[in-house]
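Enquirer: Dropping in target32.txt, which is compact mmCIF, C-alpha atoms and all ligand atoms:
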```
# COMPACT_ATOMS: atom_id res chain seq x y z
CA MET Q 1017 0.00 0.00 0.00
CA LEU Q 1018 2.98 2.32 -0.63
CA ASN Q 1019 2.30 5.51 -2.59
CA VAL Q 1020 5.33 7.59 -3.60
CA LEU Q 1021 4.48 11.16 -4.58
CA ASP Q 1022 5.36 11.69 -8.23
CA HIS Q 1023 5.31 15.41 -9.06
CA PRO Q 1024 8.04 17.78 -10.32
CA LEU Q 1025 7.30 20.22 -7.51
CA ALA Q 1026 7.71 17.44 -4.93
CA ALA Q 1027 11.06 16.48 -6.47
CA HIS Q 1028 12.20 20.11 -6.31
CA ILE Q 1029 11.14 20.56 -2.69
CA ILE Q 1030 12.67 17.30 -1.49
CA THR Q 1031 16.00 18.16 -3.12
CA HIS Q 1032 16.16 21.43 -1.18
CA LEU Q 1033 15.10 19.69 2.04
CA ARG Q 1034 17.98 17.24 1.59
CA ASP Q 1035 20.54 19.96 0.90
CA LYS Q 1036 22.61 20.39 4.07
CA THR Q 1037 23.05 24.12 3.39
CA THR Q 1038 19.27 24.73 3.71
CA LYS Q 1039 18.66 26.77 6.87
CA PRO Q 1040 15.84 26.08 9.39
CA ALA Q 1041 13.57 28.94 8.21
CA THR Q 1042 13.64 27.68 4.60
CA PHE Q 1043 13.48 24.08 5.82
CA ARG Q 1044 10.21 24.84 7.64
CA THR Q 1045 8.69 26.44 4.53
CA LEU Q 1046 9.71 23.47 2.39
CA ALA Q 1047 8.35 21.04 5.00
CA TYR Q 1048 5.02 22.92 4.86
CA GLN Q 1049 4.95 22.79 1.05
CA ILE Q 1050 5.75 19.09 0.71
CA SER Q 1051 3.27 18.25 3.48
CA MET Q 1052 0.59 20.19 1.60
CA LEU Q 1053 1.18 18.07 -1.51
CA LEU Q 1054 1.15 14.90 0.62
CA ALA Q 1055 -2.01 15.96 2.45
CA ILE Q 1056 -3.82 16.42 -0.87
CA GLU Q 1057 -2.62 13.03 -2.11
CA ALA Q 1058 -3.35 11.17 1.13
CA THR Q 1059 -6.91 12.50 1.36
CA ALA Q 1060 -7.88 11.55 -2.19
CA ASN Q 1061 -10.37 8.98 -0.87
CA VAL Q 1062 -12.03 10.90 1.98
CA GLU Q 1063 -15.79 10.92 2.06
CA THR Q 1064 -17.95 13.53 0.38
CA SER Q 1065 -21.70 13.93 0.34
CA ALA Q 1066 -24.10 15.35 -2.22
CA LYS Q 1067 -24.97 19.06 -1.95
CA GLU Q 1068 -27.66 20.84 -3.91
CA ILE Q 1069 -26.61 24.32 -5.02
CA GLU Q 1070 -27.57 26.92 -7.55
CA THR Q 1071 -24.91 28.32 -9.83
CA PRO Q 1072 -25.72 31.75 -11.33
CA LEU Q 1073 -27.20 29.75 -14.24
CA GLU Q 1074 -28.97 26.65 -12.88
CA ARG Q 1075 -29.42 24.13 -10.08
CA MET Q 1076 -26.93 21.31 -9.77
CA THR Q 1077 -25.76 18.65 -7.33
CA GLY Q 1078 -22.20 19.20 -6.14
CA ARG Q 1079 -20.12 17.35 -3.55
CA GLU Q 1080 -18.85 18.59 -0.21
CA LEU Q 1081 -16.39 17.18 2.29
CA ALA Q 1082 -17.47 15.54 5.52
CA HIS Q 1083 -14.71 17.51 7.34
CA GLU Q 1084 -15.53 16.35 10.82
CA THR Q 1085 -14.42 12.78 10.11
CA LEU Q 1086 -10.71 13.62 9.77
CA VAL Q 1087 -8.08 13.33 12.51
CA VAL Q 1088 -4.41 14.17 12.05
CA VAL Q 1089 -1.95 12.75 14.58
CA PRO Q 1090 1.64 14.05 14.45
CA ILE Q 1091 4.36 11.95 16.06
CA LEU Q 1092 6.25 14.48 18.17
CA ARG Q 1093 8.32 16.27 17.67
CA ALA Q 1094 9.17 16.31 13.96
CA GLY Q 1095 5.61 15.40 12.91
CA LEU Q 1096 4.43 18.82 14.13
CA GLY Q 1097 5.99 20.29 10.99
CA MET Q 1098 3.40 18.44 8.88
CA VAL Q 1099 0.17 19.41 10.71
CA GLN Q 1100 -0.47 22.93 9.40
CA PRO Q 1101 -1.28 21.92 5.80
CA PHE Q 1102 -3.91 19.48 7.06
CA SER Q 1103 -5.60 22.14 9.19
CA ASP Q 1104 -5.33 24.72 6.38
CA LEU Q 1105 -7.01 22.36 3.91
CA PHE Q 1106 -9.49 20.84 6.41
CA PRO Q 1107 -10.30 23.50 9.02
CA ASP Q 1108 -12.50 21.10 11.03
CA VAL Q 1109 -9.79 18.46 11.40
CA SER Q 1110 -9.16 17.17 14.93
CA VAL Q 1111 -5.54 16.95 16.08
CA GLY Q 1112 -4.11 14.31 18.43
CA TYR Q 1113 -0.52 13.94 19.62
CA ILE Q 1114 1.79 10.98 20.17
CA GLY Q 1115 5.23 11.67 21.65
CA LEU Q 1116 7.90 9.15 20.66
CA GLU Q 1117 11.66 9.62 20.77
CA ARG Q 1118 14.37 7.33 19.44
CA ASP Q 1119 17.16 6.45 21.82
CA HIS Q 1120 20.37 7.71 20.17
CA ALA Q 1121 22.30 4.53 20.98
CA THR Q 1122 19.70 1.87 20.14
CA ALA Q 1123 17.36 3.75 17.72
CA VAL Q 1124 14.45 2.21 19.65
CA ALA Q 1125 11.55 4.65 20.13
CA ARG Q 1126 10.29 5.43 23.65
CA SER Q 1127 6.78 6.77 24.25
CA TYR Q 1128 6.57 9.94 26.41
CA TYR Q 1129 3.21 11.54 25.58
CA CYS Q 1130 -0.21 10.65 24.18
CA LYS Q 1131 -3.32 12.81 23.82
CA LEU Q 1132 -5.89 11.66 21.28
CA PRO Q 1133 -9.44 12.69 20.37
CA PRO Q 1134 -12.07 9.93 19.76
CA LEU Q 1135 -10.85 7.92 16.77
CA SER Q 1136 -13.72 5.47 16.09
CA ASN Q 1137 -15.41 5.96 12.72
CA ARG Q 1138 -12.94 8.68 11.76
CA HIS Q 1139 -10.24 8.77 9.12
CA VAL Q 1140 -6.92 8.95 10.97
CA PHE Q 1141 -3.73 10.31 9.36
CA LEU Q 1142 -0.52 9.64 11.30
CA VAL Q 1143 2.11 12.15 10.20
CA ASP Q 1144 5.85 11.72 10.77
CA PRO Q 1145 8.42 12.97 8.25
CA MET Q 1146 10.92 10.11 8.63
CA LEU Q 1147 10.14 6.39 8.35
CA ALA Q 1148 13.52 4.84 9.19
CA THR Q 1149 13.47 1.51 11.08
CA GLY Q 1150 9.69 1.82 11.29
CA GLY Q 1151 9.76 1.40 15.08
CA SER Q 1152 8.05 4.74 15.78
CA ALA Q 1153 5.40 4.24 13.11
CA VAL Q 1154 4.61 0.70 14.25
CA GLN Q 1155 4.17 1.87 17.87
CA ALA Q 1156 2.02 4.82 16.82
CA LEU Q 1157 -0.16 2.66 14.58
CA THR Q 1158 -0.67 0.22 17.47
CA ILE Q 1159 -1.67 3.10 19.78
CA VAL Q 1160 -4.22 4.65 17.40
CA LYS Q 1161 -5.73 1.24 16.62
CA GLU Q 1162 -6.07 0.51 20.36
CA GLN Q 1163 -7.96 3.81 20.60
CA GLY Q 1164 -10.40 2.77 17.86
CA ALA Q 1165 -8.83 3.84 14.55
CA LYS Q 1166 -9.63 1.51 11.65
CA ASN Q 1167 -7.13 1.44 8.79
CA PRO Q 1168 -5.14 4.58 9.71
CA THR Q 1169 -3.03 6.19 6.97
CA LEU Q 1170 0.68 6.90 7.47
CA VAL Q 1171 2.06 10.04 5.83
CA CYS Q 1172 5.81 10.66 5.74
CA ILE Q 1173 8.29 12.68 3.70
CA VAL Q 1174 11.22 10.25 3.40
CA ALA Q 1175 10.87 6.48 3.85
CA ALA Q 1176 13.50 3.74 3.99
CA PRO Q 1177 12.68 0.31 2.54
CA GLU Q 1178 13.39 -1.19 5.99
CA GLY Q 1179 10.72 1.01 7.59
CA VAL Q 1180 8.14 0.26 4.91
CA ALA Q 1181 8.76 -3.49 5.39
CA GLU Q 1182 8.46 -3.18 9.20
CA VAL Q 1183 5.11 -1.38 8.94
CA GLU Q 1184 3.86 -3.92 6.41
CA LYS Q 1185 4.96 -6.77 8.73
CA HIS Q 1186 3.17 -5.46 11.84
CA HIS Q 1187 0.28 -3.56 10.25
CA PRO Q 1188 -0.29 -5.17 6.84
CA GLY Q 1189 -2.29 -3.13 4.36
CA THR Q 1190 -1.56 0.24 6.01
CA PRO Q 1191 -1.74 2.98 3.35
CA ILE Q 1192 1.66 4.75 3.34
CA HIS Q 1193 2.20 8.04 1.50
CA THR Q 1194 5.73 9.34 1.13
CA ALA Q 1195 7.47 11.96 -0.99
CA ALA Q 1196 10.60 9.80 -1.38
CA LEU Q 1197 11.61 6.16 -1.01
CA ASP Q 1198 15.32 6.17 -0.20
CA ARG Q 1199 18.04 3.52 -0.54
CA GLN Q 1200 18.76 2.14 2.94
CA LEU Q 1201 19.62 2.85 6.58
CA ASN Q 1202 23.18 3.44 7.75
CA ASP Q 1203 24.63 1.66 10.81
CA ARG Q 1204 23.18 4.39 13.09
CA LYS Q 1205 19.73 3.82 11.56
CA TYR Q 1206 19.67 7.11 9.65
CA ILE Q 1207 18.19 7.14 6.17
CA LEU Q 1208 20.55 7.28 3.14
CA PRO Q 1209 20.71 9.58 1.28
CA GLY Q 1210 18.03 11.05 3.56
CA LEU Q 1211 18.15 14.56 4.92
CA GLY Q 1212 19.67 14.05 8.36
CA ASP Q 1213 17.73 14.58 11.58
CA PHE Q 1214 14.46 16.15 10.53
CA GLY Q 1215 13.53 17.45 14.00
CA ASP Q 1216 16.92 19.08 14.49
CA ARG Q 1217 16.81 20.76 11.07
CA LEU Q 1218 13.20 21.91 11.55
CA TYR Q 1219 13.82 23.42 14.96
CA GLY Q 1220 17.47 24.43 14.59
CA THR Q 1221 18.60 22.21 17.48
C1 LIG Q 1301 12.59 10.70 14.22
C2 LIG Q 1301 11.46 10.83 13.21
C3 LIG Q 1301 10.62 9.63 13.51
C4 LIG Q 1301 11.65 8.61 13.91
C5 LIG Q 1301 11.84 7.66 12.78
O1 LIG Q 1301 12.19 11.14 15.44
O2 LIG Q 1301 10.75 12.04 13.32
O3 LIG Q 1301 9.70 9.84 14.54
O4 LIG Q 1301 12.86 9.31 14.19
O5 LIG Q 1301 12.71 6.65 13.12
P1 LIG Q 1301 12.25 5.12 13.23
O6 LIG Q 1301 11.46 4.81 11.99
O7 LIG Q 1301 13.56 4.39 13.27
O8 LIG Q 1301 11.47 4.94 14.49
P2 LIG Q 1301 13.14 11.24 16.73
O9 LIG Q 1301 13.01 10.00 17.54
O10 LIG Q 1301 14.52 11.61 16.30
O11 LIG Q 1301 12.47 12.39 17.58
P3 LIG Q 1301 12.16 13.92 17.23
O12 LIG Q 1301 11.00 13.92 16.28
O13 LIG Q 1301 11.81 14.47 18.57
O14 LIG Q 1301 13.40 14.54 16.63
N1 LIG Q 1302 15.03 10.25 12.07
C1 LIG Q 1302 15.48 11.30 11.34
O1 LIG Q 1302 15.16 12.46 11.65
N2 LIG Q 1302 16.27 11.05 10.29
C2 LIG Q 1302 16.64 9.80 9.92
O2 LIG Q 1302 17.37 9.65 8.94
C3 LIG Q 1302 16.16 8.73 10.71
C4 LIG Q 1302 15.35 8.98 11.76
```
The structure given in the file should be rewritten as structure tokens.
Ligand code: PRP
Ligand code: URA

Expert:
Amino acid sequence: MLNVLDHPLAAHIITHLRDKTTKPATFRTLAYQISMLLAIEATANVETSAKEIETPLERMTGRELAHETLVVVPILRAGLGMVQPFSDLFPDVSVGYIGLERDHATAVARSYYCKLPPLSNRHVFLVDPMLATGGSAVQALTIVKEQGAKNPTLVCIVAAPEGVAEVEKHHPGTPIHTAALDRQLNDRKYILPGLGDFGDRLYGT
């Protein structure tokens, strides 16, 4: 269920995100732009309902979004950089938070925060820019499913094949949207070629 964004603008943005000379202010703008493209792609199947309207010329039946069914859940901290496009496009979206942090020595993610709105019968989008070993995504998917989410969608910016395989192993059939599928992980579990530590580059830490 992997969907890799294929658009010249996405390729342009991801190249500048990867560039190590890109400064945090520009990095944040680029993160917003790529997340906007991903948000549009990832929501291609959300529900709409019929709406009768009158154009200046005649009556017609249009479609409108059922906004209230959407929930976006960033994995803190880097996932926060992907939330704004969802709330700009879908003003009624609910936002939940899952705090996970990888141990620098083991690359195993530790949970430190969780605050979620009701998830049953809602379309849940987990957003986290980097899918590396997949440990964080697998934990987050387990948490949102325990809270009632059915078939949550994972949205990331750069994915490693190892992370995609890990998600598929533990949560088969999960829709995954990414702007780039990279080559591999290095021995410190960073994505190659990747873009480095997303959270550090986003927040200048
Ligand atoms: C990064 C990233 C993901 C995770 C991916 O977060 O934002 O959450 O690593 O790695 P994984 O697939 O191997 O689990 P990090 O733990 O560095 O925390 P941060 O967002 O606070 O920087
Ligand atoms: N987290 C990041 O921010 N970057 C990686 O390459 C892997 C995990």

Enquirer: Tell me which protein, DNA and RNA residues are within 9 Å of Glu1182 (chain Q), counting all atoms listed in the file, leaving out same-chain ones fewer than 5 positions away, and put them as an MDAnalysis selection string.

Expert: chainID Q and resid 1149:1151 1153:1154 1177 1187

Enquirer: Kindly compile the residues surrounding ligand LIG 1302 (chain Q) within 6 Å, counting only C-alpha atoms and all ligand atoms, and format them as a ChimeraX atom specification.

Expert: /Q:1146,1148,1206-1207,1210,1212-1215

Enquirer: For CA of Ile1159 (chain Q) and CA of Leu1021 (chain Q), determine how far apart the two atoms are, in Å to one decimal place.

Expert: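 Between these atoms lies a distance of 26.4 Å.
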
Enquirer: Could I get the residue neighbourhood of ligand LIG 1301 (chain Q) at 10 Å, counting all atoms listed in the file, as number ranges by chain?

Expert: Q: 1090-1097, 1114-1120, 1122-1127, 1143-1156, 1172-1176, 1178-1180, 1182-1183, 1201, 1204-1207, 1212-1219, 1221

Enquirer: Please indicate the distance in Å from CA of Ala1196 (chain Q) to CA of Thr1037 (chain Q), rounded to one decimal place.

Expert: 19.6 Å

Enquirer: Which residues come within 9 Å of region 1058-1071 of chain Q, counting all atoms listed in the file, excluding same-chain residues fewer than 2 positions away, as a PyMOL selection string?

Expert: chain Q and resi 1019+1053-1056+1073-1083+1085-1086+1139+1141+1169-1171+1191-1193

Enquirer: Ranking Q:Val1088, Q:Pro1024, Q:Ala1121, Q:Lys1039 by minimum distance to Val1109 (chain Q) and counting only C-alpha atoms, which one comes first?

Expert: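 The shortest atom-to-atom distance to Val1109 (chain Q) comes from Q:Val1088.
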
Enquirer: For Gln1049 (chain Q), please output as a PyMOL selection string all residues within 12 Å (counting only C-alpha atoms; exclusion window: fewer than 6 positions along the same chain).

Expert: chain Q and resi 1025-1030+1032-1033+1042-1043+1055-1056+1097-1102+1104+1173+1195

Enquirer: What does the distance from CA of Leu1142 (chain Q) to CA of Val1160 (chain Q) come to in Å, to one decimal?

Expert: 8.7 Å

Enquirer: Using only C-alpha atoms, which of the listed residues (Q:Met1052, Q:Cys1130, Q:Val1140, Q:Leu1135) sits closest to Ser1103 (chain Q)?

Expert: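 Comparing Q:Met1052, Q:Cys1130, Q:Val1140, Q:Leu1135 against Ser1103 (chain Q), the winner is Q:Met1052.
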
Enquirer: Which residue gives the smallest distance to His1023 (chain Q) among Q:Thr1194, Q:Ser1110, Q:Thr1038, Q:Gln1163, with only C-alpha atoms counted?

Expert: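 Closest residue, counting only C-alpha atoms: Q:Thr1194.
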
Enquirer: Could you give me the centre and size, in Å to one decimal, of an axis-aligned box around all listed atoms of region 1094-1097 of chain Q with 3 Å added on every side, as lines of an AutoDock Vina configuration file?

Expert:
```
center_x = 6.8
center_y = 17.8
center_z = 12.6
size_x = 10.7
size_y = 10.9
size_z = 9.1
```
